[in-house]
Amino acid sequence: MTQTNDIFLALDKLAPFSSQVSWDNSGILVGNKLNTVKKIMLTLDITYETAVEACEINADLVISHHPVIFSPLKFLDESNPAVILSKNNINAICMHTNFDIANGGMNDILCERLGLVPNKGEVLNESDNIGRICNLSKSADVLTIAKWVKDALGCRVVRYNDTGKKVSRVGICSGAGAEYFTDALQKGCQLLITGDIKHHDFIDARNAGISLIDAGHFYTENIFYDKLKAYLLNRFPELEIKVSEKNIDIVNVI
């Protein structure tokens with residue numbers, strides 16, 4: 001009989017929850033660690049829609065990247081995803097920054113999806129142990145790389161600035177990593193690929209002499225399912241694991 005805590009301990013070996021950054025909220029966020037688990041649903045975000053989906057498919061556990069409870073809850077609303085899960089006896093394990101920084105975690109998966117190989121021992125920011133640095137086998141212009149990123153991740157839109165420099169060394173940070181462009185620049189990168197880049201970040205980066213590609217928070221992180229599913233099934237072959245069908249990019253573009 002597999003319990004939620006068994007899954008938690010297996011995930012802890014992959015990406016230790018103790019390594020999460022101070023502002024994060026990763027771990028078992030909903031439910032009882034002794035609950036029996038037969039069916040798991042994987043999702044990037046636990047939204048109202050994905051919480052309802054977990055109920056509809058009779059999942060016992062939802063594993064997400066982004067925490068279902070991040071800011072403190074001031075009251076319990078029946079439409080809140082955490083409340084929906086709790087009412088239906090569905091547990092939630094959220095593995096956020098601990099999975100971002102783990103070896104084989106989100107940033108390594110992103111590099112793999114982009115066809116890049118991280119340089120051993122090099123990260124964007126040592127204090128957070130965040131991000132990766134990759135050398136290209138052949139230098140390329142930013143527009144070519146932006147098109148390649150868009151195709152590799154299935155982005156509907158990619159935003160970028162271009163300093164005009166050829167790129168041979170790239171910084172990678174899944175999610176929202178624009179703050180690390182100075183780290184990327186100091187480590188000799190001509191380009192940083194990340195998501196959620198603000199207007200002033202594009203300006204500051206251009207003034208500093210580094211290009212940025214914004215492939216979107218969703219598209220740089222909605223990529224981990226195959227690896228996590230295989231990891232769990234290797235340890236718990238008796239489980240049924242589904243990937244959410246309701247976890248979609250809710251931002252529309254025209």
# chains A, B, ... in the order shown; residues from 1 in each chain; ligands from 1
>>> residues_around(residues="stretch 212-219 of chain A", least_positions_apart="5", cutoff="10 Å", atoms="only C-alpha atoms", output="PDB file with N, CA and C atoms, in the first residue's frame")
ATOM      1  N   LEU A  44       1.183  21.617 -13.670  1.00  0.00           N
ATOM      2  CA  LEU A  44       2.065  22.746 -13.354  1.00  0.00           C
ATOM      3  C   LEU A  44       1.452  23.589 -12.246  1.00  0.00           C
ATOM      4  N   ASP A  45       0.160  23.895 -12.391  1.00  0.00           N
ATOM      5  CA  ASP A  45      -0.561  24.734 -11.432  1.00  0.00           C
ATOM      6  C   ASP A  45      -1.791  24.004 -10.922  1.00  0.00           C
ATOM      7  N   LEU A 110      14.669  21.857 -18.976  1.00  0.00           N
ATOM      8  CA  LEU A 110      14.551  22.934 -19.957  1.00  0.00           C
ATOM      9  C   LEU A 110      15.728  22.922 -20.926  1.00  0.00           C
ATOM     10  N   VAL A 142      20.453  36.126 -32.341  1.00  0.00           N
ATOM     11  CA  VAL A 142      19.370  36.009 -31.363  1.00  0.00           C
ATOM     12  C   VAL A 142      18.050  35.631 -32.022  1.00  0.00           C
ATOM     13  N   LEU A 143      17.757  36.184 -33.196  1.00  0.00           N
ATOM     14  CA  LEU A 143      16.504  35.860 -33.866  1.00  0.00           C
ATOM     15  C   LEU A 143      16.428  34.372 -34.188  1.00  0.00           C
ATOM     16  N   ILE A 145      17.878  31.949 -32.588  1.00  0.00           N
ATOM     17  CA  ILE A 145      17.681  31.231 -31.329  1.00  0.00           C
ATOM     18  C   ILE A 145      16.256  31.418 -30.825  1.00  0.00           C
ATOM     19  N   ALA A 146      15.704  32.616 -30.978  1.00  0.00           N
ATOM     20  CA  ALA A 146      14.324  32.877 -30.536  1.00  0.00           C
ATOM     21  C   ALA A 146      13.333  31.977 -31.284  1.00  0.00           C
ATOM     22  N   VAL A 149      13.748  28.441 -29.910  1.00  0.00           N
ATOM     23  CA  VAL A 149      13.126  28.313 -28.594  1.00  0.00           C
ATOM     24  C   VAL A 149      11.607  28.198 -28.742  1.00  0.00           C
ATOM     25  N   LYS A 150      11.026  29.024 -29.591  1.00  0.00           N
ATOM     26  CA  LYS A 150       9.579  29.006 -29.798  1.00  0.00           C
ATOM     27  C   LYS A 150       9.116  27.635 -30.283  1.00  0.00           C
ATOM     28  N   ALA A 152      10.789  24.720 -30.017  1.00  0.00           N
ATOM     29  CA  ALA A 152      11.127  23.653 -29.067  1.00  0.00           C
ATOM     30  C   ALA A 152      10.141  23.578 -27.906  1.00  0.00           C
ATOM     31  N   LEU A 153       9.632  24.734 -27.475  1.00  0.00           N
ATOM     32  CA  LEU A 153       8.743  24.775 -26.306  1.00  0.00           C
ATOM     33  C   LEU A 153       7.272  24.897 -26.681  1.00  0.00           C
ATOM     34  N   GLY A 154       6.984  25.100 -27.967  1.00  0.00           N
ATOM     35  CA  GLY A 154       5.595  25.241 -28.394  1.00  0.00           C
ATOM     36  C   GLY A 154       4.967  26.544 -27.965  1.00  0.00           C
ATOM     37  N   CYS A 155       5.789  27.584 -27.832  1.00  0.00           N
ATOM     38  CA  CYS A 155       5.274  28.892 -27.397  1.00  0.00           C
ATOM     39  C   CYS A 155       4.401  29.516 -28.491  1.00  0.00           C
ATOM     40  N   ARG A 156       3.345  30.204 -28.073  1.00  0.00           N
ATOM     41  CA  ARG A 156       2.558  30.956 -29.039  1.00  0.00           C
ATOM     42  C   ARG A 156       3.223  32.293 -29.360  1.00  0.00           C
ATOM     43  N   VAL A 157       3.935  32.820 -28.376  1.00  0.00           N
ATOM     44  CA  VAL A 157       4.614  34.112 -28.537  1.00  0.00           C
ATOM     45  C   VAL A 157       5.959  34.039 -27.837  1.00  0.00           C
ATOM     46  N   VAL A 158       6.985  34.590 -28.463  1.00  0.00           N
ATOM     47  CA  VAL A 158       8.280  34.761 -27.826  1.00  0.00           C
ATOM     48  C   VAL A 158       8.675  36.229 -27.971  1.00  0.00           C
ATOM     49  N   ARG A 159       9.103  36.820 -26.867  1.00  0.00           N
ATOM     50  CA  ARG A 159       9.547  38.214 -26.873  1.00  0.00           C
ATOM     51  C   ARG A 159      11.057  38.225 -26.661  1.00  0.00           C
ATOM     52  N   TYR A 160      11.730  39.166 -27.296  1.00  0.00           N
ATOM     53  CA  TYR A 160      13.184  39.215 -27.145  1.00  0.00           C
ATOM     54  C   TYR A 160      13.718  40.605 -27.448  1.00  0.00           C
ATOM     55  N   ASN A 161      14.904  40.876 -26.924  1.00  0.00           N
ATOM     56  CA  ASN A 161      15.662  42.047 -27.366  1.00  0.00           C
ATOM     57  C   ASN A 161      16.960  41.536 -27.984  1.00  0.00           C
ATOM     58  N   ASP A 162      17.554  42.336 -28.801  1.00  0.00           N
ATOM     59  CA  ASP A 162      18.721  41.870 -29.560  1.00  0.00           C
ATOM     60  C   ASP A 162      19.800  42.939 -29.526  1.00  0.00           C
ATOM     61  N   THR A 163      20.900  42.616 -28.890  1.00  0.00           N
ATOM     62  CA  THR A 163      22.010  43.570 -28.847  1.00  0.00           C
ATOM     63  C   THR A 163      22.825  43.547 -30.137  1.00  0.00           C
ATOM     64  N   VAL A 170      25.018  30.800 -23.345  1.00  0.00           N
ATOM     65  CA  VAL A 170      23.635  31.129 -23.000  1.00  0.00           C
ATOM     66  C   VAL A 170      23.353  30.814 -21.540  1.00  0.00           C
ATOM     67  N   GLY A 171      22.656  31.724 -20.870  1.00  0.00           N
ATOM     68  CA  GLY A 171      22.129  31.465 -19.539  1.00  0.00           C
ATOM     69  C   GLY A 171      20.705  30.954 -19.658  1.00  0.00           C
ATOM     70  N   ILE A 172      20.322  30.009 -18.810  1.00  0.00           N
ATOM     71  CA  ILE A 172      18.991  29.392 -18.832  1.00  0.00           C
ATOM     72  C   ILE A 172      18.392  29.480 -17.442  1.00  0.00           C
ATOM     73  N   CYS A 173      17.147  29.959 -17.368  1.00  0.00           N
ATOM     74  CA  CYS A 173      16.449  29.955 -16.081  1.00  0.00           C
ATOM     75  C   CYS A 173      14.959  29.789 -16.336  1.00  0.00           C
ATOM     76  N   SER A 174      14.396  28.684 -15.892  1.00  0.00           N
ATOM     77  CA  SER A 174      12.966  28.447 -16.082  1.00  0.00           C
ATOM     78  C   SER A 174      12.153  29.410 -15.231  1.00  0.00           C
ATOM     79  N   GLY A 175      10.885  29.606 -15.626  1.00  0.00           N
ATOM     80  CA  GLY A 175       9.996  30.468 -14.859  1.00  0.00           C
ATOM     81  C   GLY A 175      10.304  31.929 -15.051  1.00  0.00           C
ATOM     82  N   ALA A 176      10.541  32.630 -13.957  1.00  0.00           N
ATOM     83  CA  ALA A 176      10.801  34.073 -13.985  1.00  0.00           C
ATOM     84  C   ALA A 176      12.220  34.326 -13.497  1.00  0.00           C
ATOM     85  N   GLY A 177      13.153  34.547 -14.431  1.00  0.00           N
ATOM     86  CA  GLY A 177      14.552  34.687 -14.037  1.00  0.00           C
ATOM     87  C   GLY A 177      15.247  35.910 -14.581  1.00  0.00           C
ATOM     88  N   ALA A 178      14.478  36.940 -14.946  1.00  0.00           N
ATOM     89  CA  ALA A 178      15.101  38.131 -15.526  1.00  0.00           C
ATOM     90  C   ALA A 178      16.103  38.778 -14.574  1.00  0.00           C
ATOM     91  N   PHE A 181      19.984  38.371 -15.138  1.00  0.00           N
ATOM     92  CA  PHE A 181      20.702  38.727 -16.368  1.00  0.00           C
ATOM     93  C   PHE A 181      22.090  39.286 -16.082  1.00  0.00           C
ATOM     94  N   GLN A 190      26.056  35.908 -23.708  1.00  0.00           N
ATOM     95  CA  GLN A 190      25.520  36.971 -24.563  1.00  0.00           C
ATOM     96  C   GLN A 190      23.991  36.982 -24.560  1.00  0.00           C
ATOM     97  N   LEU A 191      23.390  35.966 -23.921  1.00  0.00           N
ATOM     98  CA  LEU A 191      21.934  35.791 -23.967  1.00  0.00           C
ATOM     99  C   LEU A 191      21.456  35.067 -22.722  1.00  0.00           C
ATOM    100  N   LEU A 192      20.283  35.479 -22.232  1.00  0.00           N
ATOM    101  CA  LEU A 192      19.586  34.765 -21.162  1.00  0.00           C
ATOM    102  C   LEU A 192      18.208  34.373 -21.669  1.00  0.00           C
ATOM    103  N   ILE A 193      17.864  33.095 -21.529  1.00  0.00           N
ATOM    104  CA  ILE A 193      16.534  32.586 -21.891  1.00  0.00           C
ATOM    105  C   ILE A 193      15.767  32.310 -20.610  1.00  0.00           C
ATOM    106  N   THR A 194      14.596  32.946 -20.454  1.00  0.00           N
ATOM    107  CA  THR A 194      13.792  32.778 -19.249  1.00  0.00           C
ATOM    108  C   THR A 194      12.350  33.144 -19.570  1.00  0.00           C
ATOM    109  N   GLY A 195      11.577  33.585 -18.570  1.00  0.00           N
ATOM    110  CA  GLY A 195      10.197  33.997 -18.772  1.00  0.00           C
ATOM    111  C   GLY A 195       9.859  35.188 -17.899  1.00  0.00           C
ATOM    112  N   ASP A 196       8.646  35.726 -18.103  1.00  0.00           N
ATOM    113  CA  ASP A 196       8.131  36.829 -17.269  1.00  0.00           C
ATOM    114  C   ASP A 196       9.062  38.038 -17.227  1.00  0.00           C
ATOM    115  N   ILE A 197       9.597  38.440 -18.366  1.00  0.00           N
ATOM    116  CA  ILE A 197      10.524  39.575 -18.405  1.00  0.00           C
ATOM    117  C   ILE A 197       9.734  40.886 -18.488  1.00  0.00           C
ATOM    118  N   LYS A 198      10.050  41.816 -17.608  1.00  0.00           N
ATOM    119  CA  LYS A 198       9.378  43.119 -17.594  1.00  0.00           C
ATOM    120  C   LYS A 198      10.055  44.076 -18.580  1.00  0.00           C
ATOM    121  N   ASP A 201      13.335  45.408 -17.537  1.00  0.00           N
ATOM    122  CA  ASP A 201      14.402  44.405 -17.606  1.00  0.00           C
ATOM    123  C   ASP A 201      15.004  44.354 -19.008  1.00  0.00           C
ATOM    124  N   PHE A 202      14.141  44.428 -20.009  1.00  0.00           N
ATOM    125  CA  PHE A 202      14.634  44.463 -21.387  1.00  0.00           C
ATOM    126  C   PHE A 202      15.536  45.680 -21.614  1.00  0.00           C
ATOM    127  N   ILE A 203      15.109  46.817 -21.090  1.00  0.00           N
ATOM    128  CA  ILE A 203      15.905  48.043 -21.264  1.00  0.00           C
ATOM    129  C   ILE A 203      17.233  47.932 -20.529  1.00  0.00           C
ATOM    130  N   ALA A 205      18.840  45.301 -19.585  1.00  0.00           N
ATOM    131  CA  ALA A 205      19.698  44.278 -20.186  1.00  0.00           C
ATOM    132  C   ALA A 205      20.339  44.800 -21.468  1.00  0.00           C
ATOM    133  N   ARG A 206      19.573  45.492 -22.279  1.00  0.00           N
ATOM    134  CA  ARG A 206      20.131  46.044 -23.521  1.00  0.00           C
ATOM    135  C   ARG A 206      21.226  47.061 -23.210  1.00  0.00           C
ATOM    136  N   ASN A 247      -4.787  21.809 -17.351  1.00  0.00           N
ATOM    137  CA  ASN A 247      -3.692  22.749 -17.081  1.00  0.00           C
ATOM    138  C   ASN A 247      -3.208  23.329 -18.416  1.00  0.00           C
ATOM    139  N   ILE A 248      -3.673  24.519 -18.736  1.00  0.00           N
ATOM    140  CA  ILE A 248      -3.363  25.149 -20.012  1.00  0.00           C
ATOM    141  C   ILE A 248      -2.883  26.576 -19.773  1.00  0.00           C
ATOM    142  N   ASP A 249      -2.257  27.145 -20.791  1.00  0.00           N
ATOM    143  CA  ASP A 249      -1.887  28.556 -20.742  1.00  0.00           C
ATOM    144  C   ASP A 249      -3.161  29.365 -20.878  1.00  0.00           C
ATOM    145  N   ILE A 250      -3.576  30.024 -19.796  1.00  0.00           N
ATOM    146  CA  ILE A 250      -4.852  30.744 -19.807  1.00  0.00           C
ATOM    147  C   ILE A 250      -4.737  32.150 -20.403  1.00  0.00           C
ATOM    148  N   VAL A 251      -3.508  32.564 -20.763  1.00  0.00           N
ATOM    149  CA  VAL A 251      -3.315  33.899 -21.339  1.00  0.00           C
ATOM    150  C   VAL A 251      -3.556  33.820 -22.839  1.00  0.00           C
TER     151      VAL A 251
END
>>> residues_around(residues="A:Ser71", least_positions_apart="3", cutoff="10 Å", atoms="only C-alpha atoms", output="compact mmCIF listing (two decimals) with N, CA and C atoms, in the first residue's frame")
# COMPACT_ATOMS: atom_id res chain seq x y z
N ASP A 24 9.68 30.31 -0.28
CA ASP A 24 8.88 29.31 -0.97
C ASP A 24 7.96 28.57 0.01
N ASN A 25 7.03 27.78 -0.56
CA ASN A 25 6.14 26.95 0.26
C ASN A 25 5.93 25.63 -0.47
N PRO A 67 3.13 26.09 -5.86
CA PRO A 67 2.40 25.79 -4.62
C PRO A 67 0.92 26.17 -4.71
N VAL A 68 0.06 25.26 -4.25
CA VAL A 68 -1.37 25.54 -4.23
C VAL A 68 -1.70 26.56 -3.14
N LYS A 74 -6.61 33.98 4.18
CA LYS A 74 -7.30 34.74 5.22
C LYS A 74 -8.66 34.14 5.54
>>> select_by_dssp(residues="stretch 5-253 of chain A", states="strand (DSSP E)", output="ChimeraX atom specification")
/A:27-30,39-43,61-64,91-94,132-140,159-160,167-176,191-195,211-214,240-243
>>> residues_around(residues="stretch 26-34 of chain A", least_positions_apart="6", cutoff="7 Å", atoms="only C-alpha atoms", output="number ranges by chain")
A: 3-5, 17, 67, 69, 82, 86, 89-96
>>> write_last_selection(atoms="C-alpha atoms", output="PDB file, in the first residue's frame")
ATOM      1  CA  GLN A   3       0.933   6.344   1.047  1.00  0.00           C
ATOM      2  CA  THR A   4       1.377  10.047   0.392  1.00  0.00           C
ATOM      3  CA  ASN A   5       4.449  10.082   2.606  1.00  0.00           C
ATOM      4  CA  PHE A  17      12.447  19.926   0.042  1.00  0.00           C
ATOM      5  CA  PRO A  67       2.396  25.792  -4.623  1.00  0.00           C
ATOM      6  CA  ILE A  69      -0.972  27.697  -1.095  1.00  0.00           C
ATOM      7  CA  ALA A  82      -6.793  23.843  -1.771  1.00  0.00           C
ATOM      8  CA  SER A  86      -9.247  18.983   1.057  1.00  0.00           C
ATOM      9  CA  ASN A  89      -9.782  13.979   0.523  1.00  0.00           C
ATOM     10  CA  ILE A  90      -7.196  14.628  -2.207  1.00  0.00           C
ATOM     11  CA  ASN A  91      -3.664  15.412  -1.095  1.00  0.00           C
ATOM     12  CA  ALA A  92      -1.299  17.864  -2.764  1.00  0.00           C
ATOM     13  CA  ILE A  93       2.482  17.822  -2.912  1.00  0.00           C
ATOM     14  CA  CYS A  94       4.058  20.919  -4.441  1.00  0.00           C
ATOM     15  CA  MET A  95       7.715  20.934  -5.455  1.00  0.00           C
ATOM     16  CA  HIS A  96       8.730  24.405  -6.541  1.00  0.00           C
TER      17      HIS A  96
END
>>> atom_distance(atom1="atom CA of A:Thr50", atom2="atom CA of A:Leu233")
21.7 Å
>>> closest_residue(among="A:Asn252, A:Asp60, A:Glu238, A:Ser18", to="A:Ile40", atoms="only C-alpha atoms")
A:Asp60
>>> closest_residue(among="A:Thr36, A:Cys134, A:Ala208, A:Lys242", to="A:Asp226", atoms="only C-alpha atoms")
A:Lys242
>>> select_by_dssp(residues="stretch 48-196 of chain A", states="alpha helix (DSSP H)", output="PDB file with C-alpha atoms, in the first residue's frame")
ATOM      1  CA  TYR A  48      -9.892  25.718  -9.797  1.00  0.00           C
ATOM      2  CA  GLU A  49     -10.136  23.780 -13.061  1.00  0.00           C
ATOM      3  CA  THR A  50      -7.374  21.311 -12.285  1.00  0.00           C
ATOM      4  CA  ALA A  51      -8.654  20.777  -8.738  1.00  0.00           C
ATOM      5  CA  VAL A  52     -12.089  19.899 -10.129  1.00  0.00           C
ATOM      6  CA  GLU A  53     -10.415  17.649 -12.703  1.00  0.00           C
ATOM      7  CA  ALA A  54      -8.595  15.796  -9.906  1.00  0.00           C
ATOM      8  CA  CYS A  55     -11.971  15.154  -8.280  1.00  0.00           C
ATOM      9  CA  GLU A  56     -13.524  14.000 -11.564  1.00  0.00           C
ATOM     10  CA  PRO A  81      -8.308  24.898  -5.100  1.00  0.00           C
ATOM     11  CA  ALA A  82      -6.793  23.843  -1.771  1.00  0.00           C
ATOM     12  CA  VAL A  83     -10.245  23.755  -0.183  1.00  0.00           C
ATOM     13  CA  ILE A  84     -11.657  21.751  -3.103  1.00  0.00           C
ATOM     14  CA  LEU A  85      -8.909  19.158  -2.716  1.00  0.00           C
ATOM     15  CA  SER A  86      -9.247  18.983   1.057  1.00  0.00           C
ATOM     16  CA  LYS A  87     -13.037  18.549   0.920  1.00  0.00           C
ATOM     17  CA  THR A  97      12.155  25.952  -6.016  1.00  0.00           C
ATOM     18  CA  ASN A  98      13.568  22.679  -4.696  1.00  0.00           C
ATOM     19  CA  PHE A  99      12.786  21.158  -8.111  1.00  0.00           C
ATOM     20  CA  ASP A 100      14.069  24.217  -9.979  1.00  0.00           C
ATOM     21  CA  ILE A 101      17.551  23.852  -8.520  1.00  0.00           C
ATOM     22  CA  MET A 106      13.328  21.843 -14.059  1.00  0.00           C
ATOM     23  CA  ASN A 107      16.318  23.785 -15.394  1.00  0.00           C
ATOM     24  CA  ASP A 108      18.062  20.651 -16.642  1.00  0.00           C
ATOM     25  CA  ILE A 109      14.822  19.514 -18.287  1.00  0.00           C
ATOM     26  CA  LEU A 110      14.551  22.934 -19.957  1.00  0.00           C
ATOM     27  CA  CYS A 111      18.094  22.660 -21.291  1.00  0.00           C
ATOM     28  CA  GLU A 112      17.313  19.203 -22.628  1.00  0.00           C
ATOM     29  CA  ARG A 113      14.148  20.443 -24.362  1.00  0.00           C
ATOM     30  CA  VAL A 142      19.370  36.009 -31.363  1.00  0.00           C
ATOM     31  CA  LEU A 143      16.504  35.860 -33.866  1.00  0.00           C
ATOM     32  CA  THR A 144      17.531  32.360 -34.954  1.00  0.00           C
ATOM     33  CA  ILE A 145      17.681  31.231 -31.329  1.00  0.00           C
ATOM     34  CA  ALA A 146      14.324  32.877 -30.536  1.00  0.00           C
ATOM     35  CA  LYS A 147      12.664  30.936 -33.369  1.00  0.00           C
ATOM     36  CA  TRP A 148      14.311  27.728 -32.202  1.00  0.00           C
ATOM     37  CA  VAL A 149      13.126  28.313 -28.594  1.00  0.00           C
ATOM     38  CA  LYS A 150       9.579  29.006 -29.798  1.00  0.00           C
ATOM     39  CA  ASP A 151       9.468  25.759 -31.772  1.00  0.00           C
ATOM     40  CA  ALA A 152      11.127  23.653 -29.067  1.00  0.00           C
ATOM     41  CA  LEU A 153       8.743  24.775 -26.306  1.00  0.00           C
ATOM     42  CA  PHE A 181      20.702  38.727 -16.368  1.00  0.00           C
ATOM     43  CA  THR A 182      23.584  40.468 -14.608  1.00  0.00           C
ATOM     44  CA  ASP A 183      24.824  37.088 -13.379  1.00  0.00           C
ATOM     45  CA  ALA A 184      24.605  35.738 -16.921  1.00  0.00           C
ATOM     46  CA  LEU A 185      26.514  38.744 -18.240  1.00  0.00           C
ATOM     47  CA  GLN A 186      29.242  38.415 -15.609  1.00  0.00           C
TER      48      GLN A 186
END
>>> residues_around(residues="stretch 41-43 of chain A", least_positions_apart="5", cutoff="8 Å", atoms="only C-alpha atoms", output="list in words")
Thr50, Ala54, Ala59, Leu61, Val62, Ile63, Ser64, His65, Tyr225, Ile241, Lys242, Val243, Ser244 and Asn247 of chain A
>>> write_last_selection(atoms="N, CA and C atoms", output="PDB file, in the first residue's frame")
ATOM      1  N   THR A  50      -8.127  22.553 -12.477  1.00  0.00           N
ATOM      2  CA  THR A  50      -7.374  21.311 -12.285  1.00  0.00           C
ATOM      3  C   THR A  50      -7.760  20.618 -10.979  1.00  0.00           C
ATOM      4  N   ALA A  54      -9.105  16.830 -10.812  1.00  0.00           N
ATOM      5  CA  ALA A  54      -8.595  15.796  -9.906  1.00  0.00           C
ATOM      6  C   ALA A  54      -9.745  15.054  -9.229  1.00  0.00           C
ATOM      7  N   ALA A  59      -8.555  11.173  -8.413  1.00  0.00           N
ATOM      8  CA  ALA A  59      -7.157  11.166  -7.998  1.00  0.00           C
ATOM      9  C   ALA A  59      -7.070  11.176  -6.476  1.00  0.00           C
ATOM     10  N   LEU A  61      -3.950  12.007  -5.139  1.00  0.00           N
ATOM     11  CA  LEU A  61      -2.849  12.939  -4.903  1.00  0.00           C
ATOM     12  C   LEU A  61      -2.611  13.770  -6.152  1.00  0.00           C
ATOM     13  N   VAL A  62      -2.401  15.052  -5.962  1.00  0.00           N
ATOM     14  CA  VAL A  62      -1.983  15.946  -7.047  1.00  0.00           C
ATOM     15  C   VAL A  62      -0.564  16.392  -6.750  1.00  0.00           C
ATOM     16  N   ILE A  63       0.303  16.274  -7.743  1.00  0.00           N
ATOM     17  CA  ILE A  63       1.669  16.786  -7.614  1.00  0.00           C
ATOM     18  C   ILE A  63       1.804  17.941  -8.589  1.00  0.00           C
ATOM     19  N   SER A  64       2.163  19.101  -8.066  1.00  0.00           N
ATOM     20  CA  SER A  64       2.304  20.294  -8.903  1.00  0.00           C
ATOM     21  C   SER A  64       3.680  20.913  -8.700  1.00  0.00           C
ATOM     22  N   HIS A  65       4.025  21.797  -9.629  1.00  0.00           N
ATOM     23  CA  HIS A  65       5.254  22.583  -9.470  1.00  0.00           C
ATOM     24  C   HIS A  65       4.971  23.803  -8.602  1.00  0.00           C
ATOM     25  N   TYR A 225       6.587  16.650 -17.083  1.00  0.00           N
ATOM     26  CA  TYR A 225       5.707  15.511 -16.803  1.00  0.00           C
ATOM     27  C   TYR A 225       6.338  14.156 -17.138  1.00  0.00           C
ATOM     28  N   ILE A 241      -0.803   7.155 -13.080  1.00  0.00           N
ATOM     29  CA  ILE A 241      -0.391   8.560 -13.096  1.00  0.00           C
ATOM     30  C   ILE A 241      -0.921   9.237 -14.361  1.00  0.00           C
ATOM     31  N   LYS A 242      -1.691  10.290 -14.170  1.00  0.00           N
ATOM     32  CA  LYS A 242      -2.274  11.051 -15.268  1.00  0.00           C
ATOM     33  C   LYS A 242      -1.693  12.456 -15.292  1.00  0.00           C
ATOM     34  N   VAL A 243      -1.558  13.001 -16.477  1.00  0.00           N
ATOM     35  CA  VAL A 243      -1.181  14.405 -16.630  1.00  0.00           C
ATOM     36  C   VAL A 243      -2.460  15.204 -16.830  1.00  0.00           C
ATOM     37  N   SER A 244      -2.587  16.308 -16.121  1.00  0.00           N
ATOM     38  CA  SER A 244      -3.794  17.136 -16.221  1.00  0.00           C
ATOM     39  C   SER A 244      -4.067  17.560 -17.658  1.00  0.00           C
ATOM     40  N   ASN A 247      -4.787  21.809 -17.351  1.00  0.00           N
ATOM     41  CA  ASN A 247      -3.692  22.749 -17.081  1.00  0.00           C
ATOM     42  C   ASN A 247      -3.208  23.329 -18.416  1.00  0.00           C
TER      43      ASN A 247
END
>>> atom_distance(atom1="atom CA of A:Pro118", atom2="atom CA of A:Ile133")
5.6 Å
>>> atom_distance(atom1="atom CA of A:Gly104", atom2="atom CA of A:Arg235")
16.6 Å
